[in-house]
>>> print(open('model30.txt').read())   # compact mmCIF, C-alpha atoms
# COMPACT_ATOMS: atom_id res chain seq x y z
CA MET P 107 15.50 -95.65 30.68
CA PRO P 108 12.96 -96.17 33.47
CA VAL P 109 9.36 -96.73 32.33
CA SER P 110 8.11 -93.88 34.55
CA ILE P 111 10.30 -91.33 32.69
CA ILE P 112 9.03 -92.56 29.31
CA PHE P 113 5.45 -92.41 30.62
CA ALA P 114 5.97 -88.86 31.91
CA ALA P 115 7.47 -87.79 28.59
CA VAL P 116 4.52 -89.25 26.67
CA LEU P 117 2.13 -87.44 28.99
CA LEU P 118 3.97 -84.14 28.51
CA LEU P 119 3.81 -84.49 24.73
CA ALA P 120 0.13 -85.40 24.80
CA VAL P 121 -0.93 -82.38 26.84
CA PRO P 122 -1.55 -79.33 24.64
CA GLY P 123 1.20 -76.77 25.16
CA TRP P 124 -0.86 -73.86 26.35
CA ALA P 125 1.02 -70.68 26.71
CA ALA P 126 0.57 -68.84 29.97
CA GLU P 127 -3.02 -67.63 30.04
CA GLY P 128 -2.07 -64.35 31.63
CA ASP P 129 -4.68 -62.00 32.97
CA VAL P 130 -7.14 -61.46 30.18
CA PHE P 131 -9.05 -58.88 32.22
CA SER P 132 -6.97 -58.18 35.30
CA ASP P 133 -9.51 -55.65 36.60
CA LEU P 134 -12.41 -58.11 36.47
CA ASP P 135 -14.40 -58.51 39.68
CA MET P 136 -15.13 -62.23 39.78
CA ASN P 137 -18.03 -61.60 42.17
CA ASN P 138 -19.82 -59.16 39.87
CA PRO P 139 -22.30 -61.07 37.66
CA SER P 140 -22.78 -58.33 35.08
CA ALA P 141 -19.01 -57.81 34.74
CA LEU P 142 -18.57 -61.56 34.27
CA GLN P 143 -21.29 -61.65 31.62
CA GLU P 144 -19.70 -58.76 29.73
CA ALA P 145 -16.22 -60.31 29.94
CA SER P 146 -17.60 -63.63 28.65
CA ARG P 147 -19.37 -61.87 25.78
CA VAL P 148 -16.11 -60.18 24.78
CA LEU P 149 -14.20 -63.46 25.02
CA GLU P 150 -16.78 -65.14 22.76
CA GLU P 151 -16.18 -62.41 20.15
CA GLU P 152 -12.42 -62.73 20.59
CA LEU P 153 -12.56 -66.50 20.06
CA LYS P 154 -13.98 -65.92 16.58
CA LEU P 155 -11.34 -63.29 15.77
CA ALA P 156 -8.37 -65.14 17.26
CA ALA P 157 -9.13 -68.18 15.09
CA ARG P 158 -8.09 -66.26 11.97
CA PRO P 159 -4.66 -64.83 11.05
CA GLN P 160 -5.35 -61.15 11.67
CA THR P 161 -4.83 -58.34 14.11
CA TYR P 162 -7.82 -56.85 15.91
CA LEU P 163 -8.56 -54.12 18.43
CA LEU P 164 -10.10 -54.51 21.84
CA VAL P 165 -11.35 -51.16 23.14
CA ASP P 166 -11.58 -51.93 26.84
CA LEU P 167 -13.62 -49.11 28.37
CA ALA P 168 -13.83 -51.00 31.67
CA SER P 169 -10.08 -51.02 32.27
CA GLY P 170 -9.31 -47.89 30.19
CA ALA P 171 -7.03 -49.30 27.50
CA ILE P 172 -6.99 -50.13 23.81
CA GLN P 173 -5.29 -53.41 23.00
CA ILE P 174 -3.91 -54.40 19.61
CA LYS P 175 -4.28 -58.17 19.57
CA ALA P 176 -3.76 -61.24 17.42
CA ARG P 177 -4.53 -64.85 18.40
CA GLY P 178 -5.57 -63.61 21.83
CA VAL P 179 -2.06 -62.18 22.37
CA ASP P 180 -1.86 -58.61 23.63
CA LEU P 181 0.60 -57.08 21.11
CA HIS P 182 0.44 -53.48 22.25
CA ARG P 183 -1.55 -51.50 24.79
CA LEU P 184 -2.61 -47.84 24.55
CA PRO P 185 -3.95 -46.25 27.74
CA ILE P 186 -7.18 -44.23 27.48
CA ALA P 187 -7.05 -40.95 29.41
CA ALA P 188 -10.81 -40.37 29.32
CA TRP P 189 -13.84 -41.49 27.36
CA THR P 190 -17.52 -40.85 26.81
CA ALA P 191 -20.01 -43.00 24.94
CA THR P 192 -23.55 -42.93 23.68
CA GLY P 193 -25.56 -46.03 22.80
CA LEU P 194 -23.54 -48.32 25.07
CA PRO P 195 -26.14 -51.14 24.99
CA ARG P 196 -25.64 -51.40 21.20
CA LEU P 197 -21.85 -51.68 21.45
CA SER P 198 -21.93 -55.45 21.33
CA GLY P 199 -20.66 -57.72 18.57
CA THR P 200 -17.73 -57.12 16.26
CA PHE P 201 -17.36 -53.89 14.27
CA ARG P 202 -15.20 -53.55 11.18
CA LEU P 203 -13.22 -50.43 10.34
CA THR P 204 -14.44 -48.72 7.17
CA THR P 205 -12.87 -45.26 7.37
CA ARG P 206 -9.61 -44.27 8.98
CA PRO P 207 -7.56 -41.09 8.84
CA SER P 208 -5.82 -40.52 5.54
CA VAL P 209 -2.09 -39.93 5.46
CA ILE P 210 -0.26 -37.70 3.02
CA ARG P 211 2.35 -39.96 1.47
CA ARG P 212 5.45 -38.47 -0.09
CA LYS P 213 6.21 -39.52 -3.64
CA ILE P 214 9.60 -40.68 -4.91
CA ASP P 215 10.88 -38.60 -7.82
CA PRO P 216 13.35 -40.77 -9.79
CA SER P 217 14.92 -37.69 -11.35
CA ALA P 218 15.66 -36.04 -8.01
CA THR P 219 18.95 -36.54 -6.27
CA THR P 220 17.59 -36.21 -2.74
CA GLU P 221 15.70 -39.05 -1.07
CA GLN P 222 12.12 -38.57 0.08
CA GLU P 223 11.56 -38.35 3.81
CA PRO P 224 9.80 -41.50 5.04
CA ILE P 225 6.49 -41.42 6.88
CA SER P 226 6.89 -41.66 10.62
CA LEU P 227 4.65 -41.78 13.66
CA SER P 228 4.79 -37.99 13.95
CA ASP P 229 3.05 -37.70 10.55
CA MET P 230 -0.04 -39.36 12.00
CA PRO P 231 -2.96 -37.20 13.11
CA THR P 232 -3.80 -36.70 16.78
CA GLU P 233 -7.50 -35.94 16.26
CA TYR P 234 -9.57 -38.04 13.89
CA ARG P 235 -12.64 -40.19 13.43
CA LEU P 236 -12.79 -43.94 12.84
CA SER P 237 -16.00 -45.25 11.24
CA PHE P 238 -17.19 -48.83 11.43
CA THR P 239 -19.78 -51.21 10.12
CA PRO P 240 -22.29 -51.89 11.67
CA ALA P 241 -22.66 -48.14 12.15
CA MET P 242 -20.47 -46.90 14.98
CA THR P 243 -17.90 -44.15 15.28
CA ILE P 244 -14.91 -43.59 17.48
CA ASP P 245 -13.70 -40.01 17.79
CA VAL P 246 -10.12 -39.76 18.95
CA GLU P 247 -8.87 -36.60 20.63
CA SER P 248 -5.50 -36.00 22.15
CA SER P 249 -4.78 -34.42 25.47
CA THR P 250 -1.54 -32.61 25.96
CA GLU P 251 -2.49 -30.75 29.10
CA GLU P 252 -2.76 -32.47 32.43
CA GLY P 253 -4.24 -31.46 35.74
CA ALA P 254 -6.84 -28.69 36.08
CA MET P 255 -6.25 -27.18 32.64
CA GLY P 256 -6.61 -30.56 30.99
CA TRP P 257 -9.82 -31.21 32.90
CA ILE P 258 -11.26 -27.79 31.95
CA ARG P 259 -10.36 -28.32 28.31
CA ALA P 260 -11.83 -31.83 28.19
CA THR P 261 -14.99 -30.79 30.03
CA SER P 262 -15.60 -27.74 27.86
CA GLN P 263 -15.09 -29.86 24.72
CA LYS P 264 -17.59 -32.39 26.03
CA ALA P 265 -20.06 -29.60 26.91
CA TRP P 266 -19.70 -28.05 23.47
CA LYS P 267 -20.31 -31.39 21.75
CA GLN P 268 -23.37 -32.06 23.88
CA LEU P 269 -24.77 -28.60 23.20
CA ARG P 270 -24.25 -29.13 19.48
CA ALA P 271 -26.04 -32.50 19.66
CA TRP P 272 -28.96 -30.90 21.54
CA ARG P 273 -29.15 -28.06 19.03
CA GLN P 274 -29.27 -30.57 16.16
CA ARG P 275 -31.94 -32.60 17.91
CA LEU P 276 -34.05 -29.49 18.54
CA ALA P 277 -33.63 -28.37 14.94
CA GLY P 278 -34.76 -31.80 13.77
CA VAL P 279 -31.45 -32.60 12.14
CA PRO P 280 -31.07 -36.37 12.20
CA SER P 281 -27.98 -37.31 14.18
CA SER P 282 -25.65 -39.87 12.60
CA GLY P 283 -28.42 -42.45 12.46
CA GLU P 284 -28.51 -42.78 16.24
CA ALA P 285 -25.41 -44.92 15.82
CA PRO P 286 -23.39 -45.58 18.94
CA MET P 287 -20.45 -43.28 19.38
CA ILE P 288 -17.36 -43.39 21.53
CA SER P 289 -15.16 -40.40 22.20
CA LEU P 290 -11.67 -41.31 23.36
CA THR P 291 -9.05 -39.01 24.80
CA LEU P 292 -5.52 -40.35 24.41
CA SER P 293 -2.11 -38.81 24.75
CA SER P 294 -0.83 -37.38 21.45
CA GLU P 295 1.61 -40.24 20.95
CA GLN P 296 -1.00 -42.91 21.72
CA ALA P 297 -3.48 -41.23 19.34
CA GLN P 298 -0.83 -41.31 16.61
CA SER P 299 0.04 -44.93 17.44
CA LEU P 300 -3.60 -45.94 17.07
CA ALA P 301 -3.88 -44.16 13.71
CA TRP P 302 -0.67 -45.87 12.57
CA SER P 303 -1.79 -49.38 13.58
CA THR P 304 -5.28 -49.41 12.11
CA VAL P 305 -5.84 -51.18 8.80
CA ASP P 306 -8.90 -51.24 6.54
CA GLY P 307 -11.46 -53.79 7.66
CA MET P 308 -9.79 -54.25 11.05
CA PRO P 309 -12.19 -55.88 13.52
CA VAL P 310 -12.94 -54.10 16.79
CA VAL P 311 -14.58 -55.41 19.94
CA ILE P 312 -15.71 -53.13 22.77
CA ARG P 313 -15.70 -54.15 26.41
CA ARG P 314 -18.25 -52.03 28.26
CA PRO P 315 -18.10 -51.12 31.92
CA SER P 316 -20.66 -52.73 34.16
CA GLU P 317 -22.38 -51.59 37.31
CA PRO P 318 -21.68 -53.55 40.47
CA MET M 5 -24.80 -6.17 28.83
CA LYS M 6 -26.01 -7.91 32.01
CA ARG M 7 -28.46 -9.92 29.96
CA VAL M 8 -25.73 -11.05 27.60
CA LEU M 9 -23.52 -12.09 30.52
CA LEU M 10 -26.44 -13.92 32.12
CA LEU M 11 -27.15 -15.70 28.87
CA ILE M 12 -23.51 -16.76 28.47
CA CYS M 13 -23.42 -18.03 32.07
CA SER M 14 -26.64 -19.97 31.56
CA VAL M 15 -25.40 -21.55 28.36
CA LEU M 16 -22.12 -22.54 30.03
CA SER M 17 -23.93 -24.03 33.04
CA VAL M 18 -26.27 -26.03 30.81
CA GLY M 19 -23.30 -27.16 28.79
CA LEU M 20 -21.38 -28.34 31.83
CA LEU M 21 -24.42 -30.23 33.09
CA ALA M 22 -24.98 -31.69 29.67
CA ALA M 23 -21.38 -32.81 29.50
CA LEU M 24 -22.01 -35.13 32.39
CA ILE M 25 -25.00 -36.80 30.75
CA PRO M 26 -23.29 -39.24 28.37
CA TYR M 27 -21.79 -42.31 29.93
CA SER M 28 -18.22 -41.47 30.67
CA SER M 29 -15.11 -42.70 32.38
CA SER M 30 -15.15 -39.84 34.89
CA GLN M 31 -18.79 -40.52 35.74
CA LEU M 32 -18.20 -44.21 36.11
CA GLN M 33 -15.46 -44.18 38.71
CA PRO M 34 -17.35 -42.61 41.62
CA SER M 35 -20.49 -44.62 40.91
CA ILE M 36 -18.61 -47.87 41.30
CA ALA M 37 -15.99 -46.99 43.83
CA SER M 38 -17.87 -44.88 46.34
CA VAL M 39 -21.38 -46.32 46.31
CA PRO M 40 -21.04 -50.02 47.01
CA GLN M 41 -24.47 -51.58 46.99
CA PRO M 42 -25.15 -54.97 48.51
CA ILE M 43 -26.54 -57.17 45.78
CA ALA M 44 -28.04 -60.51 46.51
CA VAL M 45 -26.46 -62.89 44.00
CA ASP M 46 -27.43 -66.50 43.80
CA PRO M 47 -24.12 -68.30 44.53
CA PHE M 48 -25.10 -71.04 42.09
CA VAL M 49 -25.64 -68.53 39.27
CA LEU M 50 -22.42 -66.71 40.16
CA ARG M 51 -20.43 -69.95 40.07
CA GLY M 52 -21.95 -70.73 36.67
CA LEU M 53 -20.87 -67.34 35.32
CA GLN M 54 -17.39 -67.73 36.79
CA ASN M 55 -17.02 -71.18 35.21
CA GLN M 56 -18.25 -69.89 31.85
CA TYR M 57 -15.69 -67.07 31.97
CA LYS M 58 -12.85 -69.41 32.97
CA GLY M 59 -13.80 -71.84 30.21
CA LEU M 60 -13.77 -69.13 27.55
CA LYS M 61 -10.47 -67.77 28.84
CA LYS M 62 -8.96 -71.23 28.53
CA GLN M 63 -10.34 -71.62 25.00
CA LEU M 64 -8.80 -68.30 23.98
CA SER M 65 -5.46 -69.28 25.48
CA GLN M 66 -5.31 -72.23 23.06
CA PHE M 67 -4.79 -69.79 20.20
CA ILE M 68 -1.77 -68.21 21.87
CA PRO M 69 1.39 -69.60 20.21
CA HIS M 70 3.31 -71.83 22.60
CA GLN M 71 6.38 -71.81 20.38
CA PRO M 72 8.44 -68.64 19.84
CA TYR M 73 6.73 -66.05 17.65
CA ILE M 74 7.90 -62.85 15.99
CA LEU M 75 6.36 -59.50 16.84
CA VAL M 76 7.14 -56.38 14.77
CA ASP M 77 6.31 -52.85 15.91
CA THR M 78 6.53 -50.84 12.68
CA ALA M 79 5.89 -47.51 14.41
CA ARG M 80 8.91 -47.86 16.67
CA ASN M 81 10.96 -50.11 14.37
CA HIS M 82 11.47 -52.96 16.79
CA LEU M 83 11.37 -56.69 16.21
CA TYR M 84 10.81 -59.00 19.15
CA VAL M 85 10.98 -62.75 19.39
CA LYS M 86 8.66 -63.79 22.20
CA ARG M 87 7.88 -67.04 23.89
CA SER M 88 4.55 -66.65 25.68
CA GLN M 89 5.00 -63.37 27.58
CA GLU M 90 8.80 -63.63 27.71
CA ILE M 91 10.88 -61.50 25.33
CA VAL M 92 13.60 -63.76 23.93
CA LEU M 93 15.05 -61.13 21.58
CA ASP M 94 14.55 -57.36 21.27
CA ALA M 95 16.09 -56.04 18.04
CA ILE M 96 16.15 -52.63 16.40
CA ALA M 97 14.77 -52.97 12.88
CA SER M 98 13.99 -50.91 9.83
CA THR M 99 10.52 -51.20 8.32
CA GLY M 100 8.57 -49.68 5.41
CA SER M 101 9.00 -46.02 4.55
CA GLY M 102 5.38 -45.48 3.50
CA VAL M 103 6.43 -43.43 0.47
CA VAL M 104 4.97 -44.10 -2.98
CA LEU M 105 6.35 -44.47 -6.51
CA ASP M 106 4.33 -44.14 -9.71
CA LYS M 107 4.20 -47.22 -11.94
CA PRO M 108 5.23 -45.99 -15.38
CA GLY M 109 2.64 -46.54 -18.10
CA GLU M 110 0.01 -47.83 -15.69
CA GLY M 111 -2.16 -44.73 -15.19
CA ASN M 112 -2.55 -43.74 -11.59
CA THR M 113 -1.27 -46.94 -10.03
CA GLN M 114 1.55 -46.77 -7.53
CA TRP M 115 3.85 -48.91 -5.45
CA VAL M 116 3.30 -48.21 -1.75
CA PHE M 117 6.35 -49.06 0.33
CA ASP M 118 4.61 -50.15 3.54
CA THR M 119 5.40 -53.12 5.73
CA PRO M 120 2.13 -55.04 5.75
CA ARG M 121 0.26 -55.15 9.07
CA GLY M 122 -1.48 -58.26 10.32
CA GLU M 123 -0.58 -61.85 11.06
CA PHE M 124 1.76 -63.79 8.78
CA SER M 125 4.06 -66.77 9.15
CA VAL M 126 7.59 -67.70 8.12
CA GLN M 127 7.23 -69.35 4.73
CA SER M 128 10.86 -69.84 3.79
CA LYS M 129 14.31 -69.73 5.39
CA LEU M 130 17.25 -68.92 3.13
CA THR M 131 20.99 -68.75 3.68
CA HIS M 132 23.20 -66.41 1.65
CA PRO M 133 20.21 -65.00 -0.21
CA ALA M 134 20.59 -63.08 -3.44
CA TRP M 135 18.37 -60.10 -4.14
CA VAL M 136 16.38 -60.43 -7.35
CA LYS M 137 15.68 -56.74 -7.89
CA PRO M 138 12.05 -55.96 -8.73
CA ASP M 139 11.05 -53.33 -11.32
CA TRP M 140 10.69 -50.56 -8.72
CA ALA M 141 14.34 -50.91 -7.67
CA PHE M 142 15.39 -49.72 -11.13
CA ILE M 143 12.60 -47.21 -11.70
CA GLU M 144 13.13 -45.34 -8.42
CA GLU M 145 16.76 -44.78 -9.47
CA GLY M 146 15.74 -43.60 -12.92
CA LEU M 147 17.17 -46.70 -14.60
CA LEU M 148 15.71 -48.92 -17.31
CA VAL M 149 14.29 -52.26 -16.19
CA PRO M 150 16.66 -54.94 -17.60
CA LYS M 151 15.30 -57.51 -20.02
CA ASN M 152 17.78 -60.19 -18.97
CA PRO M 153 16.68 -61.72 -15.60
CA ALA M 154 20.32 -62.31 -14.67
CA ASP M 155 20.84 -58.54 -14.60
CA ARG M 156 18.40 -58.30 -11.71
CA VAL M 157 20.42 -60.48 -9.34
CA GLU M 158 22.53 -58.74 -6.71
CA GLN M 159 24.61 -60.67 -4.19
CA GLY M 160 25.57 -59.71 -0.66
CA VAL M 161 23.04 -56.97 0.09
CA LEU M 162 20.54 -59.01 2.14
CA GLY M 163 22.99 -60.38 4.71
CA ASP M 164 23.59 -64.04 5.54
CA TYR M 165 19.96 -65.06 6.04
CA ALA M 166 16.45 -64.20 4.88
CA LEU M 167 13.07 -65.31 6.18
CA GLY M 168 10.23 -64.94 3.68
CA PHE M 169 6.72 -64.21 4.90
CA GLY M 170 4.84 -63.95 1.61
CA LYS M 171 4.26 -61.64 -1.36
CA GLY M 172 7.98 -60.92 -1.71
CA TYR M 173 8.43 -59.63 1.86
CA PHE M 174 11.44 -60.82 3.85
CA ILE M 175 13.18 -60.32 7.16
CA HIS M 176 16.80 -59.87 6.06
CA GLY M 177 20.08 -58.14 6.82
CA THR M 178 21.37 -54.78 5.63
CA LEU M 179 24.50 -52.92 4.62
CA TYR M 180 22.99 -49.71 6.00
CA THR M 181 23.05 -50.46 9.73
CA ARG M 182 23.07 -46.71 10.55
CA LEU M 183 19.48 -46.59 9.26
CA LEU M 184 18.24 -49.22 11.70
CA GLY M 185 15.46 -47.78 13.86
CA LYS M 186 14.05 -45.80 10.94
CA ASN M 187 11.26 -46.35 8.44
CA VAL M 188 13.36 -46.60 5.31
CA THR M 189 12.63 -49.91 3.57
CA HIS M 190 10.39 -50.86 0.67
CA GLY M 191 8.34 -53.06 3.01
CA CYS M 192 10.88 -55.69 4.10
CA ILE M 193 12.15 -55.83 7.67
CA ARG M 194 15.89 -55.24 8.09
CA LEU M 195 18.03 -56.34 11.04
CA ASN M 196 21.71 -56.23 11.90
CA ASP M 197 23.77 -59.41 11.33
CA ASP M 198 23.71 -60.71 14.93
CA ASP M 199 19.97 -60.20 15.44
CA LEU M 200 19.24 -61.70 12.03
CA LYS M 201 21.21 -64.81 12.95
CA SER M 202 19.29 -65.15 16.24
CA VAL M 203 15.93 -64.79 14.49
CA TYR M 204 16.99 -67.33 11.88
CA GLN M 205 17.94 -69.81 14.62
CA LEU M 206 14.81 -69.26 16.72
CA ALA M 207 12.24 -69.30 13.90
CA ARG M 208 10.94 -72.30 12.02
CA VAL M 209 8.89 -72.43 8.84
CA GLY M 210 5.38 -71.72 10.18
CA THR M 211 6.51 -69.45 13.04
CA PRO M 212 3.85 -66.72 13.39
CA ILE M 213 4.86 -63.14 12.55
CA MET M 214 2.54 -60.51 14.02
CA ILE M 215 3.02 -57.03 12.61
CA PHE M 216 1.33 -53.85 13.83
>>> encode(input="model30.txt", output="structure tokens")
Amino acid sequence: MPVSIIFAAVLLLAVPGWAAEGDVFSDLDMNNPSALQEASRVLEEELKLAARPQTYLLVDLASGAIQIKARGVDLHRLPIAAWTATGLPRLSGTFRLTTRPSVIRRKIDPSATTEQEPISLSDMPTEYRLSFTPAMTIDVESSTEEGAMGWIRATSQKAWKQLRAWRQRLAGVPSSGEAPMISLTLSSEQAQSLAWSTVDGMPVVIRRPSEP
Amino acid sequence: MKRVLLLICSVLSVGLLAALIPYSSSQLQPSIASVPQPIAVDPFVLRGLQNQYKGLKKQLSQFIPHQPYILVDTARNHLYVKRSQEIVLDAIASTGSGVVLDKPGEGNTQWVFDTPRGEFSVQSKLTHPAWVKPDWAFIEEGLLVPKNPADRVEQGVLGDYALGFGKGYFIHGTLYTRLLGKNVTHGCIRLNDDDLKSVYQLARVGTPIMIF
């Protein structure tokens, strides 16, 4: 066997076998300094999470998608139809899921002859709240209507929420500790998928949009 | 009446204005897309940020498995074997039913028949596995748990192969192929004979299994 082939084979074995990097943030403007800084901050958080055997969520407000990830691999992607957020500057670091929607589980009755219906995606809620530590909440709503009706519905919901927040502020009711809050609108199926995939203590990283 | 109408209109107008105050996806798009502002960026600083981003992206890519890995979507009951971004195998599976069974004589404790979510790895590879039936397999059928361990062993129900991934969970075959695609198991992942054979051949002990 020629020496050059052996040398090439040794070189190939010595080089770490990186998988294709893929586009981590395909929407990223490489000439936008603040977008680059935010993307780097998210990657630094991801490096800590990917080093452990676990799944984690990346809520990417900049590209409008939620990614279920492990080891830096994008396992599943849920598109975000619309979102609003308060306290964006404090949405840095890693948050851990403390409260997720409860599911009514059916119980097996050994004396019964019929089998219990299993839980499926359709048993998952379409509107719910996820709470995290440090204090942060994600409200998930589903949108079934599209076009003008969908826009009117989403806008009136947003207006109502804002009015309620103002009323509470005027009445001196402390809001939820001024904690950052994200409101996500997903399709019904994506909202159910997210509820299905979350596990207690699941880490979440947020990628915030940046101005040009 | 006019005053009431005026009041309602005012409240709605304020609400609509207020709805646009929180940072939102709909607010973001025009501000970025339609108002490009020339920003003087130091090319040296920009290059530094770009290099930092590329470096972090490369670091993250080192966590991505470069050997085949198993991906399980429990919501849609699919098992994939992937190599980097390429899907090597797409198989219809059955995963956990999510139903519960009371543990007799143990107060309020229950067995929860979920497929665990998270990252695991293949810990064992077996051929012609026998099923050693756990307590719940008898209790859910209203039978007494046998005292003789030999009475727990059942041959031929798990197919030709089984891949263990910890805490008694396995990827194995099934006699009930008509139930593939449904959440019907006690937490294990079932496949048909051909797909099971492919997974057995592609996976090694240590192959990552990512379940969401």
>>> residues_around(input="model30.txt", residues="P:Arg147", least_positions_apart="5", cutoff="10 Å", atoms="all atoms listed in the file", output="list in words")
Ala141, Leu142, Glu152, Ser198, Gly199, Val311, Ile312 and Arg313 of chain P; Tyr57 and Leu60 of chain M
>>> residues_around(input="model30.txt", residues="M:Leu75", least_positions_apart="6", cutoff="8 Å", atoms="only C-alpha atoms", output="list in words")
Leu181 of chain P; Leu83, Tyr84, Val85, Lys86, Ile213, Met214 and Ile215 of chain M
>>> atom_distance(input="model30.txt", atom1="atom CA of P:Leu155", atom2="atom CA of P:Pro309")
7.8 Å
>>> closest_residue(input="model30.txt", among="M:Val104, M:Ala141, M:Ala207, M:Leu147", to="chain P", atoms="all atoms listed in the file")
M:Val104
>>> closest_residue(input="model30.txt", among="M:Gly160, M:Gly170, M:Pro108, M:Pro120", to="M:Trp140", atoms="all atoms listed in the file")
M:Pro108
>>> residues_around(input="model30.txt", residues="P:Ala285", least_positions_apart="4", cutoff="10 Å", atoms="all atoms listed in the file", output="list in words")
Thr192, Gly193, Arg196, Leu197, Pro240, Ala241, Met242, Thr243 and Ser281 of chain P
>>> closest_residue(input="model30.txt", among="M:Asn196, M:Thr113, M:Gln205, M:Thr78", to="chain P", atoms="all atoms listed in the file")
M:Thr78
>>> closest_residue(input="model30.txt", among="M:Glu90, M:Glu145, M:Asp46, M:Glu110", to="chain P", atoms="only C-alpha atoms")
M:Glu145
